[in-house]
>>> print(open('coords.cif').read())   # mmCIF, C-alpha atoms and all ligand atoms
data_upload
loop_
_atom_site.label_atom_id
_atom_site.label_comp_id
_atom_site.auth_asym_id
_atom_site.auth_seq_id
_atom_site.Cartn_x
_atom_site.Cartn_y
_atom_site.Cartn_z
CA MET A 1 14.62 12.40 15.03
CA SER A 2 11.75 10.02 14.57
CA ARG A 3 12.13 7.23 17.08
CA ILE A 4 12.21 3.68 15.78
CA VAL A 5 11.12 1.42 18.65
CA SER A 6 10.25 -2.26 18.90
CA ALA A 7 6.50 -2.75 18.97
CA THR A 8 6.17 -3.79 22.61
CA HIS A 9 3.03 -3.44 24.70
CA ASP A 10 4.39 -0.28 26.36
CA HIS A 11 5.40 1.30 23.07
CA ILE A 12 1.97 0.58 21.57
CA ALA A 13 0.43 2.37 24.56
CA GLU A 14 2.81 5.29 24.02
CA ALA A 15 1.97 5.34 20.31
CA ALA A 16 -1.75 5.43 21.16
CA ASP A 17 -1.09 8.52 23.31
CA ILE A 18 0.81 10.15 20.47
CA LEU A 19 -2.24 9.59 18.22
CA LYS A 20 -4.56 11.08 20.82
CA ASN A 21 -2.26 14.11 21.02
CA ARG A 22 -2.39 14.78 17.30
CA GLY A 23 0.90 13.06 16.47
CA LEU A 24 1.93 10.70 13.66
CA VAL A 25 2.99 7.07 14.11
CA GLY A 26 4.68 4.69 11.68
CA MET A 27 2.44 1.62 11.91
CA PRO A 28 3.29 -1.86 10.60
CA THR A 29 0.55 -3.64 8.65
CA GLU A 30 0.64 -6.89 6.68
CA THR A 31 0.78 -4.92 3.40
CA VAL A 32 3.11 -1.92 3.90
CA TYR A 33 3.95 0.45 6.77
CA GLY A 34 1.27 3.09 7.28
CA LEU A 35 1.56 6.70 8.47
CA ALA A 36 -1.09 6.70 11.19
CA ALA A 37 -3.12 9.59 12.59
CA ASN A 38 -6.41 9.96 14.47
CA ALA A 39 -9.03 9.97 11.67
CA LEU A 40 -11.43 11.99 13.85
CA ASP A 41 -9.01 14.92 14.12
CA GLY A 42 -8.69 17.05 10.97
CA GLU A 43 -5.50 18.72 12.14
CA ALA A 44 -3.83 15.39 12.80
CA VAL A 45 -4.92 14.24 9.33
CA ALA A 46 -3.54 17.46 7.83
CA LYS A 47 -0.15 16.52 9.25
CA ILE A 48 -0.24 13.33 7.16
CA PHE A 49 -0.72 15.31 3.95
CA GLU A 50 2.03 17.71 4.96
CA ALA A 51 4.48 14.94 5.85
CA LYS A 52 3.80 13.06 2.60
CA GLY A 53 3.61 16.12 0.38
CA ARG A 54 0.40 14.53 -0.87
CA PRO A 55 -2.21 16.49 -2.83
CA SER A 56 -5.11 17.00 -0.45
CA PHE A 57 -7.65 15.60 -2.92
CA ASN A 58 -6.30 12.13 -2.34
CA PRO A 59 -8.49 10.39 0.27
CA LEU A 60 -7.06 8.09 2.95
CA ILE A 61 -7.91 4.57 4.10
CA ILE A 62 -9.50 4.41 7.56
CA HIS A 63 -8.26 1.41 9.53
CA VAL A 64 -10.71 -0.22 11.93
CA ALA A 65 -10.63 -3.05 14.46
CA ASP A 66 -13.64 -4.95 13.15
CA MET A 67 -16.94 -4.89 11.27
CA ARG A 68 -18.72 -3.21 14.17
CA GLN A 69 -16.39 -0.25 14.08
CA ALA A 70 -16.61 -0.13 10.27
CA MET A 71 -20.40 0.19 10.54
CA GLN A 72 -19.99 3.38 12.59
CA TYR A 73 -18.39 5.13 9.63
CA GLY A 74 -19.68 3.44 6.47
CA GLU A 75 -22.82 1.84 5.07
CA MET A 76 -21.80 -1.80 4.97
CA GLY A 77 -24.17 -3.20 2.35
CA GLU A 78 -24.66 -6.78 1.24
CA TYR A 79 -21.52 -6.99 -0.90
CA ALA A 80 -19.44 -5.38 1.82
CA GLN A 81 -20.70 -7.82 4.42
CA LEU A 82 -19.94 -10.87 2.28
CA LEU A 83 -16.44 -9.56 1.57
CA VAL A 84 -15.73 -8.69 5.19
CA ASN A 85 -16.68 -12.23 6.20
CA ALA A 86 -14.39 -13.68 3.57
CA PHE A 87 -11.34 -11.38 3.71
CA TRP A 88 -11.15 -9.33 6.93
CA PRO A 89 -8.83 -8.93 8.64
CA GLY A 90 -6.68 -8.71 5.51
CA PRO A 91 -5.40 -6.76 2.52
CA LEU A 92 -8.80 -5.66 1.16
CA THR A 93 -9.97 -2.03 1.36
CA LEU A 94 -13.67 -1.44 0.76
CA ILE A 95 -15.04 1.83 -0.60
CA VAL A 96 -18.58 2.25 0.75
CA PRO A 97 -21.00 5.17 1.19
CA ARG A 98 -19.84 7.33 4.08
CA LYS A 99 -22.16 7.69 7.08
CA LYS A 100 -23.17 11.26 7.81
CA ASN A 101 -21.98 12.79 11.10
CA SER A 102 -19.69 9.83 11.78
CA GLY A 103 -17.04 12.18 13.11
CA ILE A 104 -14.43 11.13 10.53
CA SER A 105 -12.51 14.18 9.31
CA GLU A 106 -13.68 15.46 5.92
CA LEU A 107 -10.07 15.92 4.97
CA ALA A 108 -9.42 12.20 5.52
CA THR A 109 -12.08 11.32 2.94
CA ALA A 110 -11.19 14.34 0.76
CA GLY A 111 -14.74 15.60 0.92
CA LEU A 112 -16.10 12.52 -0.90
CA ASP A 113 -19.41 10.92 0.07
CA THR A 114 -17.67 7.56 0.19
CA ILE A 115 -15.13 6.19 2.66
CA ALA A 116 -12.32 3.62 2.35
CA LEU A 117 -12.31 1.09 5.22
CA ARG A 118 -9.92 -1.73 6.06
CA GLU A 119 -9.29 -4.08 8.98
CA PRO A 120 -5.56 -4.85 8.83
CA ALA A 121 -4.41 -8.38 9.67
CA HIS A 122 -1.26 -7.27 11.52
CA PRO A 123 -1.37 -7.77 15.32
CA ILE A 124 0.50 -4.50 15.98
CA ALA A 125 -1.88 -2.46 13.82
CA GLN A 126 -4.78 -4.20 15.55
CA GLY A 127 -3.20 -3.43 18.94
CA LEU A 128 -2.79 0.25 18.10
CA ILE A 129 -6.38 0.62 16.87
CA LYS A 130 -7.77 -1.13 19.96
CA THR A 131 -5.49 0.56 22.50
CA SER A 132 -6.20 4.03 21.10
CA GLY A 133 -9.88 3.27 20.60
CA LEU A 134 -9.65 5.40 17.45
CA PRO A 135 -10.30 4.92 13.74
CA ILE A 136 -6.85 5.35 12.18
CA ALA A 137 -6.25 7.16 8.92
CA ALA A 138 -3.12 5.73 7.34
CA PRO A 139 -1.71 6.04 3.86
CA SER A 140 1.54 4.30 3.07
CA ALA A 141 4.32 5.92 5.14
CA ASN A 142 6.37 7.44 2.32
CA LYS A 143 6.65 10.73 0.45
CA SER A 144 3.90 10.99 -2.16
CA GLY A 145 4.90 9.42 -5.47
CA SER A 146 7.77 7.36 -4.08
CA LEU A 147 7.88 3.65 -3.27
CA SER A 148 5.80 2.31 -0.39
CA PRO A 149 7.78 1.30 2.72
CA THR A 150 8.00 -2.34 3.72
CA THR A 151 10.51 -1.92 6.57
CA PRO A 152 10.82 0.55 9.49
CA ALA A 153 14.02 1.94 7.94
CA HIS A 154 12.16 2.80 4.72
CA VAL A 155 9.72 4.88 6.77
CA HIS A 156 12.52 6.70 8.50
CA ASP A 157 14.45 7.32 5.28
CA SER A 158 11.40 8.73 3.50
CA LEU A 159 9.76 10.79 6.24
CA GLY A 160 12.47 11.42 8.85
CA ASP A 161 11.42 13.80 11.60
CA ALA A 162 7.87 14.22 10.35
CA VAL A 163 6.84 11.02 12.14
CA ASP A 164 6.89 11.00 15.95
CA MET A 165 7.41 7.28 16.50
CA ILE A 166 7.89 4.25 14.27
CA LEU A 167 6.66 0.93 15.66
CA ALA A 168 9.12 -1.57 14.24
CA ALA A 169 7.90 -5.10 13.52
CA GLY A 170 10.18 -6.31 10.73
CA PRO A 171 9.40 -6.46 7.02
CA CYS A 172 5.77 -6.61 5.83
CA ALA A 173 4.51 -10.05 4.81
CA VAL A 174 2.52 -9.00 1.72
CA GLY A 175 4.72 -6.09 0.60
CA LEU A 176 2.12 -4.50 -1.72
CA GLU A 177 -0.68 -2.11 -0.79
CA SER A 178 -4.16 -3.58 -0.26
CA THR A 179 -6.64 -4.28 -3.02
CA VAL A 180 -9.01 -1.29 -3.22
CA LEU A 181 -12.53 -2.39 -4.18
CA ASP A 182 -15.33 0.09 -4.75
CA VAL A 183 -18.64 -1.42 -3.60
CA SER A 184 -20.38 1.94 -3.28
CA GLY A 185 -22.13 1.59 -6.66
CA SER A 186 -24.29 -1.13 -8.16
CA VAL A 187 -21.31 -2.92 -9.73
CA PRO A 188 -18.16 -3.66 -7.68
CA VAL A 189 -14.97 -2.36 -9.33
CA ILE A 190 -11.33 -2.90 -8.36
CA LEU A 191 -9.66 0.53 -8.26
CA ARG A 192 -6.25 -0.83 -7.24
CA PRO A 193 -5.22 -4.47 -7.65
CA GLY A 194 -3.59 -6.16 -4.65
CA ALA A 195 -3.13 -9.50 -2.91
CA ILE A 196 -6.87 -10.23 -2.87
CA THR A 197 -7.55 -10.88 -6.55
CA ALA A 198 -10.51 -10.23 -8.85
CA GLU A 199 -11.09 -14.01 -9.05
CA GLN A 200 -11.25 -14.37 -5.25
CA ILE A 201 -13.65 -11.43 -4.96
CA GLY A 202 -15.76 -12.68 -7.86
CA GLU A 203 -16.05 -16.09 -6.25
CA VAL A 204 -17.41 -14.64 -3.01
CA LEU A 205 -19.84 -12.31 -4.81
CA ASP A 206 -20.72 -14.91 -7.43
CA MET A 207 -20.12 -12.49 -10.31
CA GLY A 208 -17.37 -11.24 -12.60
CA VAL A 209 -15.39 -8.34 -11.13
CA GLU A 210 -13.62 -5.77 -13.31
CA ILE A 211 -10.36 -3.99 -12.66
CA ALA A 212 -10.78 -0.30 -13.52
CA ALA A 213 -8.71 1.01 -16.44
CA ASN A 214 -5.40 2.48 -15.26
CA GLU A 215 -5.84 6.10 -16.15
CA THR A 216 -9.00 8.08 -16.61
CA GLU A 217 -9.46 11.82 -17.12
CA ALA A 218 -10.61 12.27 -13.55
CA PRO A 219 -9.54 9.21 -11.63
CA LYS A 220 -12.07 8.02 -9.10
CA SER A 221 -9.23 6.75 -6.97
CA PRO A 222 -6.35 9.21 -7.16
CA GLY A 223 -4.14 6.20 -6.47
CA MET A 224 -4.89 5.31 -10.10
CA LEU A 225 -2.75 8.20 -11.34
CA LEU A 226 -0.52 6.49 -13.83
CA LYS A 227 2.89 7.56 -12.55
CA HIS A 228 2.80 6.81 -8.87
CA TYR A 229 5.09 4.21 -7.43
CA ALA A 230 8.43 5.35 -8.77
CA PRO A 231 12.10 4.92 -7.88
CA ASN A 232 14.49 7.58 -9.25
CA THR A 233 16.18 5.23 -11.71
CA PRO A 234 14.18 4.60 -14.91
CA ILE A 235 12.63 1.17 -15.28
CA ARG A 236 12.33 -1.09 -18.31
CA ILE A 237 9.75 -3.84 -17.90
CA ASN A 238 9.41 -7.26 -19.58
CA ALA A 239 13.14 -7.25 -20.24
CA ILE A 240 14.61 -10.27 -22.01
CA ASP A 241 18.17 -8.94 -21.85
CA VAL A 242 20.28 -6.57 -19.77
CA GLN A 243 21.75 -3.61 -21.64
CA ASP A 244 24.94 -1.66 -20.89
CA GLY A 245 24.73 0.19 -17.59
CA GLU A 246 21.49 -1.48 -16.52
CA ALA A 247 20.77 -3.20 -13.22
CA LEU A 248 18.64 -6.35 -13.23
CA LEU A 249 15.53 -7.18 -11.25
CA ALA A 250 15.02 -10.83 -12.03
CA PHE A 251 12.15 -13.25 -11.57
CA GLY A 252 12.96 -16.94 -11.77
CA SER A 253 16.26 -18.09 -13.21
CA ASP A 254 18.51 -15.21 -14.32
CA LYS A 255 21.28 -17.48 -15.66
CA PHE A 256 20.81 -16.43 -19.26
CA MET A 257 20.33 -12.75 -18.47
CA VAL A 258 23.80 -11.76 -17.24
CA ALA A 259 27.39 -13.02 -17.25
CA HIS A 260 28.90 -14.74 -14.20
CA ASP A 261 30.90 -11.67 -13.21
CA PHE A 262 27.91 -9.29 -13.28
CA PRO A 263 28.26 -7.18 -10.09
CA ALA A 264 26.11 -8.58 -7.27
CA GLU A 265 24.96 -5.13 -6.16
CA MET A 266 23.46 -4.55 -9.64
CA LYS A 267 21.21 -7.59 -9.41
CA ARG A 268 18.29 -8.75 -7.27
CA ASN A 269 15.93 -11.68 -7.73
CA LEU A 270 12.30 -11.21 -6.71
CA SER A 271 11.87 -14.97 -6.45
CA GLU A 272 14.20 -17.59 -7.86
CA GLY A 273 11.47 -20.20 -7.40
CA GLN A 274 8.95 -18.00 -9.26
CA ASP A 275 6.74 -17.61 -6.20
CA LEU A 276 4.57 -14.54 -6.84
CA TYR A 277 3.89 -13.93 -3.14
CA GLU A 278 7.61 -13.91 -2.39
CA ALA A 279 8.08 -11.54 -5.34
CA ALA A 280 5.40 -9.14 -4.04
CA ALA A 281 6.99 -9.07 -0.60
CA ASN A 282 10.40 -8.27 -2.12
CA LEU A 283 9.30 -5.81 -4.81
CA PHE A 284 9.61 -2.41 -3.15
CA SER A 285 12.71 -3.12 -1.06
CA MET A 286 14.59 -4.59 -4.04
CA LEU A 287 13.62 -1.65 -6.26
CA LYS A 288 14.92 0.65 -3.53
CA GLU A 289 18.19 -1.26 -3.30
CA LEU A 290 18.73 -1.18 -7.07
CA ASP A 291 17.83 2.50 -7.03
CA GLN A 292 21.00 3.05 -4.94
CA CYS A 293 23.46 1.43 -7.32
CA ASN A 294 23.82 4.23 -9.90
CA ALA A 295 22.50 2.13 -12.75
CA LYS A 296 21.32 4.02 -15.81
CA ARG A 297 18.13 1.93 -15.79
CA ILE A 298 16.61 -1.10 -14.04
CA ALA A 299 15.66 -3.94 -16.37
CA VAL A 300 12.84 -6.02 -14.92
CA MET A 301 12.06 -9.51 -16.19
CA ALA A 302 8.47 -10.37 -17.08
CA ILE A 303 6.11 -11.28 -14.23
CA PRO A 304 3.17 -13.59 -15.05
CA GLN A 305 -0.09 -11.65 -15.30
CA THR A 306 -1.97 -13.92 -12.92
CA GLY A 307 -3.06 -13.78 -9.25
CA ILE A 308 -1.02 -11.25 -7.26
CA GLY A 309 1.17 -10.93 -10.38
CA ILE A 310 -1.50 -8.56 -11.73
CA ALA A 311 -0.86 -6.21 -8.78
CA ILE A 312 2.92 -6.52 -9.18
CA ASN A 313 2.65 -5.61 -12.87
CA ASP A 314 0.33 -2.71 -12.01
CA ARG A 315 2.98 -1.22 -9.68
CA LEU A 316 5.81 -1.91 -12.16
CA SER A 317 4.04 -0.29 -15.10
CA ARG A 318 3.36 2.80 -12.99
CA ALA A 319 7.00 2.90 -11.91
CA ALA A 320 8.11 2.53 -15.53
CA LYS A 321 6.00 5.44 -16.71
CA ARG A 322 8.10 8.63 -16.97
CA ASP A 323 6.68 12.02 -17.70
O1 LIG B 401 -2.23 -1.53 2.16
C1 LIG B 401 -2.69 -0.39 2.23
O2 LIG B 401 -3.79 -0.09 1.74
C2 LIG B 401 -1.85 0.68 2.95
C3 LIG B 401 -1.79 0.29 4.43
C4 LIG B 401 -1.08 1.32 5.26
O3 LIG B 401 -3.07 0.02 4.92
N1 LIG B 401 -2.41 1.97 2.78
C5 LIG B 401 -2.39 2.62 1.58
O4 LIG B 401 -3.00 3.85 1.61
O5 LIG B 401 -1.89 2.16 0.57
P1 LIG B 401 -2.82 4.92 0.47
O6 LIG B 401 -3.38 6.17 1.04
O7 LIG B 401 -1.40 4.98 0.00
O8 LIG B 401 -3.76 4.43 -0.68
C6 LIG B 401 -5.17 4.53 -0.55
C7 LIG B 401 -5.83 4.40 -1.89
C8 LIG B 401 -5.53 5.59 -2.74
O9 LIG B 401 -5.32 5.15 -4.07
C9 LIG B 401 -6.80 6.42 -2.63
O10 LIG B 401 -6.98 7.22 -3.74
C10 LIG B 401 -7.85 5.33 -2.51
O11 LIG B 401 -7.24 4.35 -1.71
N2 LIG B 401 -9.07 5.80 -1.84
C11 LIG B 401 -9.23 6.15 -0.55
N3 LIG B 401 -10.50 6.57 -0.31
C12 LIG B 401 -11.16 6.47 -1.47
C13 LIG B 401 -12.50 6.74 -1.88
N4 LIG B 401 -13.42 7.19 -1.03
N5 LIG B 401 -12.83 6.51 -3.17
C14 LIG B 401 -11.91 6.03 -4.04
N6 LIG B 401 -10.63 5.75 -3.72
C15 LIG B 401 -10.25 5.97 -2.47
MG MG B 402 0.65 5.11 -1.17
#
>>> encode(input="coords.cif", output="structure tokens")
Amino acid sequence: MSRIVSATHDHIAEAADILKNRGLVGMPTETVYGLAANALDGEAVAKIFEAKGRPSFNPLIIHVADMRQAMQYGEMGEYAQLLVNAFWPGPLTLIVPRKKNSGISELATAGLDTIALREPAHPIAQGLIKTSGLPIAAPSANKSGSLSPTTPAHVHDSLGDAVDMILAAGPCAVGLESTVLDVSGSVPVILRPGAITAEQIGEVLDMGVEIAANETEAPKSPGMLLKHYAPNTPIRINAIDVQDGEALLAFGSDKFMVAHDFPAEMKRNLSEGQDLYEAAANLFSMLKELDQCNAKRIAVMAIPQTGIGIAINDRLSRAAKRD
């Protein structure tokens, strides 16, 4: 059994030892729970891929304590430095050229000559990085292709015994994976939208910043694969009604969507007050709950395509895509 423990000082120290001994730890961050391993140890990193059932070409984010540690592993150029000053610690992952002989496992970066770096804003993640003294490779702590975990129980349900210890620190504040921004080329490109938006990034860099098209022949970020974040129940987005047998994931008032006696377990509301941050934080756990209610489909009301709404719609359109 994977052990779910409260994230006390002693348990963080124990988790740091597990990492040093090639184990896997469920680590809370402000975005989603991560599946943490020592990024310097290829065998530990291999355990991540095995636990997730993830194709090994998909590179991992390396979590660091600060800019100084980031500079050990990546070339932090001018754009990277400006963005670190503005948004770290926080939900922004930077893709930069990888430093040679940095000691980071090649498997963690999938053999690429770039590396994904992030300083998480969560005190427990920070504590684990500092206590272990290690760079921590951590994808979201779920089976590949399923929904990202925003609670300790999600981690346990998805990965079970494959994780040695789960540091529990309640639900994640952001609830969506970090923005992934590629600053390794001459023009910065958002590979995965998240809480830090294109507008915010553009303001800091004083330029327009593009979001990469969803699906390319050979995706630069394998996280761009179109069908990715999927519950088992099919999803219908931008719904303006609820059809027979459907569950409802609402946003804002759902008064006109369903009758009074619509079963409560078939309905969730991402944010009655139309707060996009609240909606992001609720998204994955509510999809998981509705996935349990034997609906034939989940109808999802439209989410405004603005701010973090862009990231929410990105995840929803991937979840809606069936193949
Ligand atoms: O919020 C988050 O980012 C969470 C928490 C745990 O930090 N982590 C997370 O990791 O979502 P993961 O592995 O599920 O997603 C990492 C994304 C993937 O889409 C991967 O393809 C992309 O980052 N990525 C990593 N390294 C890359 C690289 N060198 N070039 C392009 N994309 C890269
Ligand atoms: Mg993931």
>>> closest_residue(input="coords.cif", among="A:Leu60, A:Ile303, A:Ala70, A:Ile235", to="Tyr277 (chain A)", atoms="all atoms listed in the file")
A:Ile303
>>> closest_atom_pairs(input="coords.cif", of="region 33-53 of chain A", to="region 160-169 of chain A", cutoff="9 Å", atoms="only C-alpha atoms", output="tab-separated table")
residue	atom	partner	partner_atom	distance
A:Leu35	CA	A:Val163	CA	7.7
A:Lys47	CA	A:Ala162	CA	8.4
A:Ile48	CA	A:Ala162	CA	8.8
A:Glu50	CA	A:Ala162	CA	8.7
A:Ala51	CA	A:Ala162	CA	5.7
A:Lys52	CA	A:Ala162	CA	8.8
>>> axis_aligned_box(input="coords.cif", around="region 186-192 of chain A", padding_each_side="3 Å", output="AutoDock Vina command-line options")
--center_x -15.3 --center_y -1.6 --center_z -8.5 --size_x 24.0 --size_y 10.2 --size_z 8.5
>>> residues_around(input="coords.cif", residues="region 135-144 of chain A", least_positions_apart="4", cutoff="9 Å", atoms="all atoms listed in the file", output="JSON, numbers by chain")
{"A": [19, 26, 27, 32, 33, 34, 35, 36, 37, 38, 39, 40, 45, 48, 49, 51, 52, 53, 54, 55, 59, 60, 61, 62, 63, 64, 65, 69, 70, 104, 108, 128, 129, 148, 149, 154, 155, 156, 157, 158, 159, 177, 228, 229]}
>>> atom_distance(input="coords.cif", atom1="atom O9 of ligand LIG 401 (chain B)", atom2="CA of Pro120 (chain A)")
16.3 Å
>>> closest_residue(input="coords.cif", among="A:Asp66, A:Glu14, A:Asp291, A:Glu106", to="Gly42 (chain A)", atoms="only C-alpha atoms")
A:Glu106
>>> residues_around(input="coords.cif", residues="Ala239 (chain A)", least_positions_apart="2", cutoff="7 Å", atoms="all atoms listed in the file", output="PDB file with C-alpha atoms, keeping the file's coordinate frame")
ATOM      1  CA  ARG A 236      12.330  -1.090 -18.310  1.00  0.00           C
ATOM      2  CA  ILE A 237       9.750  -3.840 -17.900  1.00  0.00           C
ATOM      3  CA  ASP A 241      18.170  -8.940 -21.850  1.00  0.00           C
ATOM      4  CA  ALA A 299      15.660  -3.940 -16.370  1.00  0.00           C
ATOM      5  CA  VAL A 300      12.840  -6.020 -14.920  1.00  0.00           C
ATOM      6  CA  MET A 301      12.060  -9.510 -16.190  1.00  0.00           C
ATOM      7  CA  ALA A 302       8.470 -10.370 -17.080  1.00  0.00           C
TER       8      ALA A 302
END
>>> closest_residue(input="coords.cif", among="A:Thr8, A:Asn21, A:Ser186, A:Gln126", to="Glu78 (chain A)", atoms="only C-alpha atoms")
A:Ser186
>>> atom_distance(input="coords.cif", atom1="CA of Val187 (chain A)", atom2="CA of Gly175 (chain A)")
28.2 Å
>>> closest_residue(input="coords.cif", among="A:Ala280, A:Val174, A:Val183, A:Ala16", to="Val96 (chain A)", atoms="only C-alpha atoms")
A:Val183
>>> closest_residue(input="coords.cif", among="A:Tyr73, A:Phe251, A:Phe262, A:Phe256", to="ligand LIG 401 (chain B)", atoms="all atoms listed in the file")
A:Tyr73
>>> atom_distance(input="coords.cif", atom1="CA of Asp41 (chain A)", atom2="CA of Gly133 (chain A)")
13.4 Å
>>> residues_near_point(input="coords.cif", point="(-10.8, 1.9, -0.3)", cutoff="8 Å", atoms="all atoms listed in the file", output="PDB file with C-alpha atoms, in the coordinates of the input")
ATOM      1  CA  LEU A  60      -7.060   8.090   2.950  1.00  0.00           C
ATOM      2  CA  ILE A  61      -7.910   4.570   4.100  1.00  0.00           C
ATOM      3  CA  LEU A  92      -8.800  -5.660   1.160  1.00  0.00           C
ATOM      4  CA  THR A  93      -9.970  -2.030   1.360  1.00  0.00           C
ATOM      5  CA  LEU A  94     -13.670  -1.440   0.760  1.00  0.00           C
ATOM      6  CA  ILE A  95     -15.040   1.830  -0.600  1.00  0.00           C
ATOM      7  CA  VAL A  96     -18.580   2.250   0.750  1.00  0.00           C
ATOM      8  CA  ILE A 115     -15.130   6.190   2.660  1.00  0.00           C
ATOM      9  CA  ALA A 116     -12.320   3.620   2.350  1.00  0.00           C
ATOM     10  CA  LEU A 117     -12.310   1.090   5.220  1.00  0.00           C
ATOM     11  CA  ARG A 118      -9.920  -1.730   6.060  1.00  0.00           C
ATOM     12  CA  THR A 179      -6.640  -4.280  -3.020  1.00  0.00           C
ATOM     13  CA  VAL A 180      -9.010  -1.290  -3.220  1.00  0.00           C
ATOM     14  CA  LEU A 181     -12.530  -2.390  -4.180  1.00  0.00           C
ATOM     15  CA  ASP A 182     -15.330   0.090  -4.750  1.00  0.00           C
TER      16      ASP A 182
END
>>> closest_residue(input="coords.cif", among="A:Ala213, A:Ala247, A:Val258, A:Leu191", to="ligand LIG 401 (chain B)", atoms="all atoms listed in the file")
A:Leu191
